[in-house]
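To start, the structure itself, in structure tokens.
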Amino acid sequence: MVTRKSKREIEKMRRAGRVVAEVLALVEGELAPGVTTAHLDELAERHIRAAGGTPSFKGYLGGGRYGRGPGAFPASTCISLDDEVVHGIPGDRTIRDGQLVSVDVGAIVDGWHGDAARTFVVGDMPEAVRELVAATRLAMMAGIAAAVAGNRVGDISAAVEDIGRQAGYGIVRQFVGHGIGTEMHQDPQIPNYRTGYRGLELQAGMCLAIEPMFTLGGPEVEVMPDHWTVVTADGSLAAHFEHTIAVTESGPEILTTV
């Protein structure tokens, strides 16, 4: 069921979104060769809890398209490296120079969720990789710009797809954007590609997480034996960006910002 939020409820979501944005800023400042993904996860959890929130991901049971394995997600962030698209589990891996690091953060504040992700370039990377990252972010912003009352979910999908196809990137299809509110994943689903169906009409008060995932190769992905980490099937590098937004009468508003 798709829910519409009141202005007061959107303000509550903005608080959660601000915490998420603060975490991503902290992670960016800490990212460097030699840092472990566990250290970044600990930094994120400390900040979320100090801000009066709870990590959305820690203990999440997944199911369906969001998680496939037994047991709960064990960390507060998803940190995915290089060919890992989403849902990487933080641990003792050390970040290296010349690496892509995608960080996905969720926080619950007073019962409301914020969810956002960024892909960071650590050190020197080929221009083609930097262009992949820039295009994925651009696609997210294009999707946000299409999230206007009276448009449809398919208009968001088309805006994202156009950026990816123009650049020749693989557009991941198995994992999509989603509604968000008192639950992290709500209807509607928001594909990053045209489905042949324009989908639900957007109305003021809807809150959405728009999150394109592009690759330098094909769109196919696989799930690793940990039952969470999603990698490109061909080993190509991947980028992922996400913002939580509110559809308002005056246009889309990004909630995961400081």
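Naming works like this for the structure tokens: A, B, ... for the chains as they're shown, residue 1 at the start of each chain, ligands 1 onward in shown order.
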Skipping near chain neighbours, those fewer than 3 positions away, what residues fall within 10 Å of A:Gly196 using only C-alpha atoms, listed as a list in words?
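Counting only C-alpha atoms, the residues come to Gly154, Tyr193 and Gly199 of chain A.
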Could you write out that same residue set with N, CA and C atoms as a PDB file, in the first residue's frame?
ATOM      1  N   GLY A 154       7.011   5.594 -13.720  1.00  0.00           N
ATOM      2  CA  GLY A 154       7.735   5.297 -14.949  1.00  0.00           C
ATOM      3  C   GLY A 154       8.511   6.476 -15.497  1.00  0.00           C
ATOM      4  N   TYR A 193      14.745   1.509 -15.015  1.00  0.00           N
ATOM      5  CA  TYR A 193      14.618   1.242 -16.453  1.00  0.00           C
ATOM      6  C   TYR A 193      13.129   1.219 -16.791  1.00  0.00           C
ATOM      7  N   GLY A 199       3.159   3.080 -14.531  1.00  0.00           N
ATOM      8  CA  GLY A 199       3.126   2.955 -13.087  1.00  0.00           C
ATOM      9  C   GLY A 199       2.239   3.966 -12.393  1.00  0.00           C
TER      10      GLY A 199
END
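The list of residues with at least one atom within 10 Å of A:Val172, based on only C-alpha atoms and without residues fewer than 2 positions apart in the same chain, reads Val85, Tyr169, Gly170, Gln174, Phe175, Val176, Pro191, Asn192, Tyr193, Pro212, Met213, Phe214, Thr215, Gly218, Pro219, Glu220, Val221, Thr232, Ala238 and His240 of chain A.
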Can I get the selection written as a PDB file, in the first residue's frame, with C-alpha atoms?
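Generated file (again.pdb):
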ATOM      1  CA  VAL A  85      26.947  -3.407  -6.375  1.00  0.00           C
ATOM      2  CA  TYR A 169      26.486   1.441 -18.941  1.00  0.00           C
ATOM      3  CA  GLY A 170      24.908  -1.701 -17.591  1.00  0.00           C
ATOM      4  CA  GLN A 174      17.196  -6.871  -9.990  1.00  0.00           C
ATOM      5  CA  PHE A 175      17.453  -4.112  -7.374  1.00  0.00           C
ATOM      6  CA  VAL A 176      15.321  -0.990  -7.516  1.00  0.00           C
ATOM      7  CA  PRO A 191      12.838   0.486 -11.391  1.00  0.00           C
ATOM      8  CA  ASN A 192      15.829   2.202 -12.973  1.00  0.00           C
ATOM      9  CA  TYR A 193      14.618   1.242 -16.453  1.00  0.00           C
ATOM     10  CA  PRO A 212      20.339   3.942  -9.700  1.00  0.00           C
ATOM     11  CA  MET A 213      23.048   1.283  -9.969  1.00  0.00           C
ATOM     12  CA  PHE A 214      25.220   1.327 -13.088  1.00  0.00           C
ATOM     13  CA  THR A 215      28.111  -0.897 -14.156  1.00  0.00           C
ATOM     14  CA  GLY A 218      26.643  -5.857 -18.287  1.00  0.00           C
ATOM     15  CA  PRO A 219      23.591  -5.508 -16.049  1.00  0.00           C
ATOM     16  CA  GLU A 220      23.610  -9.054 -14.663  1.00  0.00           C
ATOM     17  CA  VAL A 221      24.403  -9.564 -10.970  1.00  0.00           C
ATOM     18  CA  THR A 232      28.403  -7.879 -11.103  1.00  0.00           C
ATOM     19  CA  ALA A 238      29.741  -0.692 -10.243  1.00  0.00           C
ATOM     20  CA  HIS A 240      25.395   3.283  -6.629  1.00  0.00           C
TER      21      HIS A 240
END
Based on DSSP run over this structure's backbone, return all residues of stretch 10-58 of chain A in alpha helix (DSSP H), as an mmCIF file with N, CA and C atoms, in the first residue's frame.
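Once everything was written out, this is result-v1.cif:
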data_model
loop_
_atom_site.group_PDB
_atom_site.id
_atom_site.type_symbol
_atom_site.label_atom_id
_atom_site.label_comp_id
_atom_site.auth_asym_id
_atom_site.auth_seq_id
_atom_site.Cartn_x
_atom_site.Cartn_y
_atom_site.Cartn_z
ATOM 1 N N ILE A 10 6.749 14.426 7.100
ATOM 2 C CA ILE A 10 7.909 14.645 6.240
ATOM 3 C C ILE A 10 9.027 15.333 7.008
ATOM 4 N N GLU A 11 8.667 16.238 7.895
ATOM 5 C CA GLU A 11 9.692 16.883 8.723
ATOM 6 C C GLU A 11 10.381 15.870 9.630
ATOM 7 N N LYS A 12 9.633 14.891 10.117
ATOM 8 C CA LYS A 12 10.242 13.827 10.930
ATOM 9 C C LYS A 12 11.204 13.004 10.078
ATOM 10 N N MET A 13 10.814 12.729 8.842
ATOM 11 C CA MET A 13 11.705 11.993 7.953
ATOM 12 C C MET A 13 12.948 12.810 7.619
ATOM 13 N N ARG A 14 12.789 14.107 7.563
ATOM 14 C CA ARG A 14 13.939 14.967 7.287
ATOM 15 C C ARG A 14 14.982 14.850 8.407
ATOM 16 N N ARG A 15 14.523 14.661 9.639
ATOM 17 C CA ARG A 15 15.465 14.478 10.754
ATOM 18 C C ARG A 15 16.280 13.209 10.555
ATOM 19 N N ALA A 16 15.606 12.124 10.186
ATOM 20 C CA ALA A 16 16.319 10.875 9.917
ATOM 21 C C ALA A 16 17.257 11.035 8.732
ATOM 22 N N GLY A 17 16.788 11.745 7.713
ATOM 23 C CA GLY A 17 17.608 11.962 6.535
ATOM 24 C C GLY A 17 18.852 12.767 6.836
ATOM 25 N N ARG A 18 18.718 13.734 7.738
ATOM 26 C CA ARG A 18 19.884 14.549 8.106
ATOM 27 C C ARG A 18 20.946 13.694 8.790
ATOM 28 N N VAL A 19 20.514 12.779 9.633
ATOM 29 C CA VAL A 19 21.467 11.886 10.304
ATOM 30 C C VAL A 19 22.208 11.035 9.264
ATOM 31 N N VAL A 20 21.483 10.513 8.295
ATOM 32 C CA VAL A 20 22.099 9.720 7.231
ATOM 33 C C VAL A 20 23.122 10.549 6.458
ATOM 34 N N ALA A 21 22.752 11.775 6.105
ATOM 35 C CA ALA A 21 23.671 12.648 5.370
ATOM 36 C C ALA A 21 24.918 12.952 6.187
ATOM 37 N N GLU A 22 24.749 13.150 7.481
ATOM 38 C CA GLU A 22 25.900 13.405 8.352
ATOM 39 C C GLU A 22 26.840 12.207 8.378
ATOM 40 N N VAL A 23 26.280 11.006 8.408
ATOM 41 C CA VAL A 23 27.109 9.807 8.405
ATOM 42 C C VAL A 23 27.925 9.718 7.117
ATOM 43 N N LEU A 24 27.288 9.965 5.990
ATOM 44 C CA LEU A 24 28.014 9.896 4.716
ATOM 45 C C LEU A 24 29.129 10.936 4.660
ATOM 46 N N ALA A 25 28.893 12.106 5.229
ATOM 47 C CA ALA A 25 29.942 13.128 5.277
ATOM 48 C C ALA A 25 31.094 12.674 6.179
ATOM 49 N N LEU A 26 30.765 12.053 7.303
ATOM 50 C CA LEU A 26 31.804 11.537 8.196
ATOM 51 C C LEU A 26 32.624 10.446 7.512
ATOM 52 N N VAL A 27 31.950 9.559 6.817
ATOM 53 C CA VAL A 27 32.647 8.484 6.108
ATOM 54 C C VAL A 27 33.579 9.065 5.043
ATOM 55 N N GLU A 28 33.090 10.035 4.301
ATOM 56 C CA GLU A 28 33.926 10.644 3.268
ATOM 57 C C GLU A 28 35.202 11.231 3.877
ATOM 58 N N GLY A 29 35.084 11.863 5.027
ATOM 59 C CA GLY A 29 36.249 12.445 5.672
ATOM 60 C C GLY A 29 37.219 11.421 6.209
ATOM 61 N N GLU A 30 36.733 10.217 6.461
ATOM 62 C CA GLU A 30 37.567 9.168 7.058
ATOM 63 C C GLU A 30 38.167 8.231 6.005
ATOM 64 N N THR A 37 36.732 -1.444 6.463
ATOM 65 C CA THR A 37 35.299 -1.170 6.322
ATOM 66 C C THR A 37 34.604 -1.298 7.679
ATOM 67 N N ALA A 38 35.128 -2.134 8.568
ATOM 68 C CA ALA A 38 34.557 -2.235 9.915
ATOM 69 C C ALA A 38 34.694 -0.921 10.670
ATOM 70 N N HIS A 39 35.825 -0.247 10.503
ATOM 71 C CA HIS A 39 36.026 1.043 11.170
ATOM 72 C C HIS A 39 34.979 2.048 10.688
ATOM 73 N N LEU A 40 34.726 2.086 9.386
ATOM 74 C CA LEU A 40 33.721 3.010 8.855
ATOM 75 C C LEU A 40 32.340 2.672 9.395
ATOM 76 N N ASP A 41 32.045 1.389 9.519
ATOM 77 C CA ASP A 41 30.749 0.970 10.034
ATOM 78 C C ASP A 41 30.589 1.365 11.498
ATOM 79 N N GLU A 42 31.645 1.196 12.275
ATOM 80 C CA GLU A 42 31.596 1.596 13.690
ATOM 81 C C GLU A 42 31.384 3.103 13.817
ATOM 82 N N LEU A 43 32.069 3.869 12.989
ATOM 83 C CA LEU A 43 31.901 5.325 12.979
ATOM 84 C C LEU A 43 30.450 5.694 12.693
ATOM 85 N N ALA A 44 29.870 5.019 11.713
ATOM 86 C CA ALA A 44 28.480 5.300 11.334
ATOM 87 C C ALA A 44 27.521 4.967 12.468
ATOM 88 N N GLU A 45 27.691 3.800 13.066
ATOM 89 C CA GLU A 45 26.758 3.403 14.125
ATOM 90 C C GLU A 45 26.848 4.342 15.328
ATOM 91 N N ARG A 46 28.051 4.725 15.693
ATOM 92 C CA ARG A 46 28.205 5.647 16.826
ATOM 93 C C ARG A 46 27.461 6.947 16.561
ATOM 94 N N HIS A 47 27.595 7.476 15.358
ATOM 95 C CA HIS A 47 26.948 8.754 15.066
ATOM 96 C C HIS A 47 25.427 8.607 15.045
ATOM 97 N N ILE A 48 24.934 7.550 14.429
ATOM 98 C CA ILE A 48 23.482 7.353 14.378
ATOM 99 C C ILE A 48 22.901 7.279 15.788
ATOM 100 N N ARG A 49 23.534 6.511 16.652
ATOM 101 C CA ARG A 49 23.007 6.344 18.003
ATOM 102 C C ARG A 49 23.189 7.617 18.829
ATOM 103 N N ALA A 50 24.293 8.325 18.630
ATOM 104 C CA ALA A 50 24.502 9.587 19.350
ATOM 105 C C ALA A 50 23.465 10.629 18.951
#
Figure out the distance between atom CA of A:Leu81 and atom CA of A:Ile171, please, to one decimal in Å.
17.6 Å
What does the distance between atom CA of A:Ala146 and atom CA of A:Val129 come to in Å, to one decimal place?
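Separating atom CA of A:Ala146 from atom CA of A:Val129 is a distance of 26.0 Å.
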Distance of atom CA of A:Leu132 from atom CA of A:Ala147, expressed in Å to one decimal place:
22.9 Å
Within 10 Å of A:Ala145, counting only C-alpha atoms, which residues qualify if same-chain residues fewer than 3 places away don't, as number ranges by chain?
A: 139-142, 148, 155-156, 159, 251-253
Nearest residue to A:Ala117 out of A:Asn151, A:Thr54, A:Thr257, A:Gln203, using only C-alpha atoms?
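Of the candidates, the smallest distance to A:Ala117 is held by A:Thr257.
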